[in-house]
file upload-v9.csv (CSV, C-alpha atoms)
chain,number,residue,atom,x,y,z
A,275,MET,CA,44.6,15.4,-8.4
A,276,SER,CA,46.1,17.9,-10.8
A,277,VAL,CA,47.7,21.1,-9.4
A,278,SER,CA,45.2,23.3,-11.2
A,279,LEU,CA,42.2,21.4,-9.8
A,280,LEU,CA,43.8,21.6,-6.3
A,281,SER,CA,44.3,25.3,-6.7
A,282,ARG,CA,40.7,25.8,-7.8
A,283,ASN,CA,39.4,23.8,-4.8
A,284,VAL,CA,41.6,25.9,-2.4
A,285,ALA,CA,40.4,29.1,-4.1
A,286,ARG,CA,36.7,28.1,-3.7
A,287,LYS,CA,37.2,27.2,-0.1
A,288,LEU,CA,38.9,30.6,0.5
A,289,LEU,CA,36.1,32.5,-1.2
A,290,PHE,CA,33.6,30.6,0.9
A,291,LEU,CA,35.4,31.3,4.1
A,292,GLN,CA,35.6,34.9,3.3
A,293,LEU,CA,31.9,35.1,2.5
A,294,LEU,CA,31.2,33.3,5.8
A,295,ALA,CA,33.3,36.0,7.6
A,296,VAL,CA,31.4,38.8,5.9
A,297,ILE,CA,28.0,37.3,6.9
A,298,ALA,CA,29.0,36.5,10.5
A,299,ILE,CA,30.6,39.9,11.1
A,300,GLY,CA,27.7,41.7,9.3
A,301,LEU,CA,25.2,39.8,11.5
A,302,LEU,CA,27.1,40.7,14.7
A,303,PHE,CA,27.2,44.4,13.7
A,304,TYR,CA,23.5,44.2,12.7
A,305,LEU,CA,22.6,43.2,16.3
A,306,LYS,CA,24.0,46.6,17.4
A,307,ASP,CA,22.3,48.6,14.6
A,308,PRO,CA,21.0,47.7,11.1
A,309,ALA,CA,23.0,50.6,9.7
A,310,TRP,CA,26.2,49.1,11.3
A,311,GLY,CA,25.3,45.7,9.8
A,312,ALA,CA,24.9,47.3,6.3
A,313,SER,CA,28.2,49.1,6.7
A,314,ALA,CA,29.9,45.9,7.7
A,315,PHE,CA,28.4,44.1,4.7
A,316,GLY,CA,29.7,46.9,2.5
A,317,GLY,CA,33.2,46.6,3.9
A,318,GLY,CA,33.2,42.8,3.5
A,319,LEU,CA,31.9,43.2,-0.1
A,320,ALA,CA,34.8,45.6,-0.8
A,321,ALA,CA,37.3,42.9,0.0
A,322,TRP,CA,35.4,39.8,-1.2
A,323,LEU,CA,33.9,40.9,-4.5
A,324,PRO,CA,37.3,41.9,-6.2
A,325,ASN,CA,38.7,38.6,-5.0
A,326,ALA,CA,35.8,36.7,-6.5
A,327,VAL,CA,36.1,38.5,-9.8
A,328,PHE,CA,39.9,38.0,-9.9
A,329,MET,CA,39.6,34.3,-9.2
A,330,ASN,CA,36.9,33.9,-11.8
A,331,PHE,CA,39.0,35.7,-14.3
A,332,ALA,CA,42.0,33.5,-13.5
A,333,TRP,CA,39.9,30.3,-13.8
A,334,ARG,CA,38.6,31.4,-17.2
A,335,HIS,CA,42.1,32.1,-18.5
A,336,GLN,CA,43.8,29.1,-17.0
A,337,VAL,CA,43.2,27.1,-20.1
A,338,HIS,CA,45.3,29.5,-22.1
A,339,THR,CA,48.9,29.0,-20.9
A,340,PRO,CA,50.7,32.2,-21.7
A,341,SER,CA,54.4,32.6,-21.5
A,342,LYS,CA,55.9,33.2,-18.1
A,343,GLY,CA,56.5,37.0,-18.6
A,344,ARG,CA,52.9,37.4,-19.8
A,345,LEU,CA,51.6,35.5,-16.8
A,346,ALA,CA,53.4,37.8,-14.4
A,347,TRP,CA,52.1,40.9,-16.1
A,348,THR,CA,48.5,39.5,-16.1
A,349,PHE,CA,48.8,38.7,-12.4
A,350,ALA,CA,50.2,42.2,-11.6
A,351,ILE,CA,47.5,43.9,-13.7
A,352,GLY,CA,44.8,41.8,-12.0
A,353,GLU,CA,46.1,42.7,-8.5
A,354,VAL,CA,46.1,46.4,-9.4
A,355,LEU,CA,42.5,46.1,-10.7
A,356,LYS,CA,41.6,44.4,-7.4
A,357,VAL,CA,43.0,47.2,-5.3
A,358,ILE,CA,41.2,49.8,-7.5
A,359,ALA,CA,37.9,48.0,-7.3
A,360,SER,CA,38.2,47.6,-3.5
A,361,PHE,CA,39.0,51.3,-3.1
A,362,THR,CA,36.1,52.2,-5.3
A,363,ILE,CA,33.7,50.1,-3.4
A,364,LEU,CA,34.9,51.6,-0.1
A,365,VAL,CA,34.6,55.2,-1.4
A,366,VAL,CA,31.1,54.5,-2.7
A,367,ALA,CA,30.1,52.9,0.6
A,368,LEU,CA,31.4,55.8,2.6
A,369,ALA,CA,30.5,58.7,0.3
A,370,GLY,CA,27.5,57.4,-1.5
A,371,PHE,CA,25.7,55.4,1.1
A,372,LYS,CA,27.0,57.2,4.2
A,373,ALA,CA,28.3,53.9,5.8
A,374,VAL,CA,29.5,53.9,9.4
A,375,LEU,CA,33.3,53.8,9.3
A,376,LEU,CA,34.1,51.4,12.2
A,377,PRO,CA,32.1,48.3,11.0
A,378,LEU,CA,33.1,49.0,7.4
A,379,ILE,CA,36.9,49.0,8.2
A,380,VAL,CA,36.7,46.2,10.7
A,381,THR,CA,34.9,43.9,8.3
A,382,TRP,CA,37.2,44.8,5.4
A,383,VAL,CA,40.3,44.1,7.4
A,384,SER,CA,38.8,40.9,8.8
A,385,VAL,CA,38.2,39.5,5.3
A,386,LEU,CA,41.7,40.5,4.3
A,387,VAL,CA,43.1,38.6,7.4
A,388,VAL,CA,41.0,35.6,6.4
A,389,GLN,CA,42.5,35.8,2.9
A,390,ILE,CA,46.0,35.7,4.4
A,391,LEU,CA,45.5,33.0,7.1
A,392,ALA,CA,42.9,30.6,5.5
A,393,PRO,CA,45.2,29.1,2.8
A,394,ALA,CA,47.6,27.9,5.5
A,395,VAL,CA,44.7,26.3,7.4
A,396,ILE,CA,43.2,24.8,4.2
A,397,ASN,CA,46.5,23.4,3.0
A,398,ASN,CA,47.3,21.8,6.4
A,399,LYS,CA,43.9,20.0,6.6
A,400,GLY,CA,43.9,19.0,2.9
call {"tool": "encode", "arguments": {"input": "upload-v9.csv", "output": "structure tokens"}}
result
Amino acid sequence: MSVSLLSRNVARKLLFLQLLAVIAIGLLFYLKDPAWGASAFGGGLAAWLPNAVFMNFAWRHQVHTPSKGRLAWTFAIGEVLKVIASFTILVVALAGFKAVLLPLIVTWVSVLVVQILAPAVINNKG
């Protein structure tokens, strides 16, 4: 199996695990209060959506193999855009939709922890 195909499979599994975390935590908070569940979903969306967009962008541009310096700049710009998108979604959820802070932040941090820990688990099983 090629490295690019392996990377794509790992990325898909990571996005799926993150989405499962968003759904599970959102449902748990929903049991307390529907507003808490919606806030948790907003926090998870703030972490998951920028990752999904970034990975989709990376897959589409994987065919084009730029020089090493250009690849580093593309990655850095993509990461900056991910942070900006995540921050924007959090601000819109808090200010625009009056989300509850605790479930929003707990879910956001949980999805980021899944992003950090899941690749190690996926690579050990694969």
call {"tool": "closest_atom_pairs", "arguments": {"input": "upload-v9.csv", "of": "segment 329-386 of chain A", "to": "segment 285-289 of chain A", "cutoff": "12 Å", "atoms": "only C-alpha atoms", "output": "Markdown table"}}
result
| residue | atom | partner | partner_atom | distance |
| --- | --- | --- | --- | --- |
| A:Met329 | CA | A:Ala285 | CA | 7.3 |
| A:Asn330 | CA | A:Ala285 | CA | 9.7 |
| A:Ala332 | CA | A:Ala285 | CA | 10.5 |
| A:Trp333 | CA | A:Ala285 | CA | 9.8 |
| A:Val385 | CA | A:Leu289 | CA | 9.8 |
| A:Leu386 | CA | A:Leu288 | CA | 11.0 |
call {"tool": "write_last_selection", "arguments": {"input": "upload-v9.csv", "atoms": "C-alpha atoms", "output": "compact mmCIF listing (two decimals), in the frame of the given file"}}
result
# COMPACT_ATOMS: atom_id res chain seq x y z
CA MET A 329 39.60 34.30 -9.20
CA ASN A 330 36.90 33.90 -11.80
CA ALA A 332 42.00 33.50 -13.50
CA TRP A 333 39.90 30.30 -13.80
CA VAL A 385 38.20 39.50 5.30
CA LEU A 386 41.70 40.50 4.30
call {"tool": "closest_atom_pairs", "arguments": {"input": "upload-v9.csv", "of": "segment 289-341 of chain A", "to": "segment 371-374 of chain A", "cutoff": "8 Å", "atoms": "only C-alpha atoms", "output": "tab-separated table"}}
result
residue	atom	partner	partner_atom	distance
A:Ala309	CA	A:Val374	CA	7.3
A:Trp310	CA	A:Val374	CA	6.1
A:Ala312	CA	A:Ala373	CA	7.4
A:Ser313	CA	A:Ala373	CA	4.9
A:Gly316	CA	A:Ala373	CA	7.9
call {"tool": "write_last_selection", "arguments": {"input": "upload-v9.csv", "atoms": "C-alpha atoms", "output": "PDB file, in the frame of the given file"}}
result
ATOM      1  CA  ALA A 309      23.000  50.600   9.700  1.00  0.00           C
ATOM      2  CA  TRP A 310      26.200  49.100  11.300  1.00  0.00           C
ATOM      3  CA  ALA A 312      24.900  47.300   6.300  1.00  0.00           C
ATOM      4  CA  SER A 313      28.200  49.100   6.700  1.00  0.00           C
ATOM      5  CA  GLY A 316      29.700  46.900   2.500  1.00  0.00           C
TER       6      GLY A 316
END
call {"tool": "atom_distance", "arguments": {"input": "upload-v9.csv", "atom1": "atom CA of Leu378 of chain A", "atom2": "atom CA of Ile396 of chain A"}}
result
26.4 Å
call {"tool": "residues_near_point", "arguments": {"input": "upload-v9.csv", "point": "(37.2, 29.8, 0.7)", "cutoff": "12 Å", "atoms": "all atoms listed in the file", "output": "NGL selection string"}}
result
:A and (281-296 or 322 or 325-326 or 329 or 385 or 388-397)
call {"tool": "write_last_selection", "arguments": {"input": "upload-v9.csv", "atoms": "C-alpha atoms", "output": "mmCIF file, in the coordinates of the input"}}
result
data_model
loop_
_atom_site.group_PDB
_atom_site.id
_atom_site.type_symbol
_atom_site.label_atom_id
_atom_site.label_comp_id
_atom_site.auth_asym_id
_atom_site.auth_seq_id
_atom_site.Cartn_x
_atom_site.Cartn_y
_atom_site.Cartn_z
ATOM 1 C CA SER A 281 44.300 25.300 -6.700
ATOM 2 C CA ARG A 282 40.700 25.800 -7.800
ATOM 3 C CA ASN A 283 39.400 23.800 -4.800
ATOM 4 C CA VAL A 284 41.600 25.900 -2.400
ATOM 5 C CA ALA A 285 40.400 29.100 -4.100
ATOM 6 C CA ARG A 286 36.700 28.100 -3.700
ATOM 7 C CA LYS A 287 37.200 27.200 -0.100
ATOM 8 C CA LEU A 288 38.900 30.600 0.500
ATOM 9 C CA LEU A 289 36.100 32.500 -1.200
ATOM 10 C CA PHE A 290 33.600 30.600 0.900
ATOM 11 C CA LEU A 291 35.400 31.300 4.100
ATOM 12 C CA GLN A 292 35.600 34.900 3.300
ATOM 13 C CA LEU A 293 31.900 35.100 2.500
ATOM 14 C CA LEU A 294 31.200 33.300 5.800
ATOM 15 C CA ALA A 295 33.300 36.000 7.600
ATOM 16 C CA VAL A 296 31.400 38.800 5.900
ATOM 17 C CA TRP A 322 35.400 39.800 -1.200
ATOM 18 C CA ASN A 325 38.700 38.600 -5.000
ATOM 19 C CA ALA A 326 35.800 36.700 -6.500
ATOM 20 C CA MET A 329 39.600 34.300 -9.200
ATOM 21 C CA VAL A 385 38.200 39.500 5.300
ATOM 22 C CA VAL A 388 41.000 35.600 6.400
ATOM 23 C CA GLN A 389 42.500 35.800 2.900
ATOM 24 C CA ILE A 390 46.000 35.700 4.400
ATOM 25 C CA LEU A 391 45.500 33.000 7.100
ATOM 26 C CA ALA A 392 42.900 30.600 5.500
ATOM 27 C CA PRO A 393 45.200 29.100 2.800
ATOM 28 C CA ALA A 394 47.600 27.900 5.500
ATOM 29 C CA VAL A 395 44.700 26.300 7.400
ATOM 30 C CA ILE A 396 43.200 24.800 4.200
ATOM 31 C CA ASN A 397 46.500 23.400 3.000
#
call {"tool": "atom_distance", "arguments": {"input": "upload-v9.csv", "atom1": "atom CA of Gly318 of chain A", "atom2": "atom CA of Thr381 of chain A"}}
result
5.2 Å
call {"tool": "closest_residue", "arguments": {"input": "upload-v9.csv", "among": "A:Ala346, A:Val327, A:Ala369, A:Ala321", "to": "Val387 of chain A", "atoms": "only C-alpha atoms"}}
result
A:Ala321
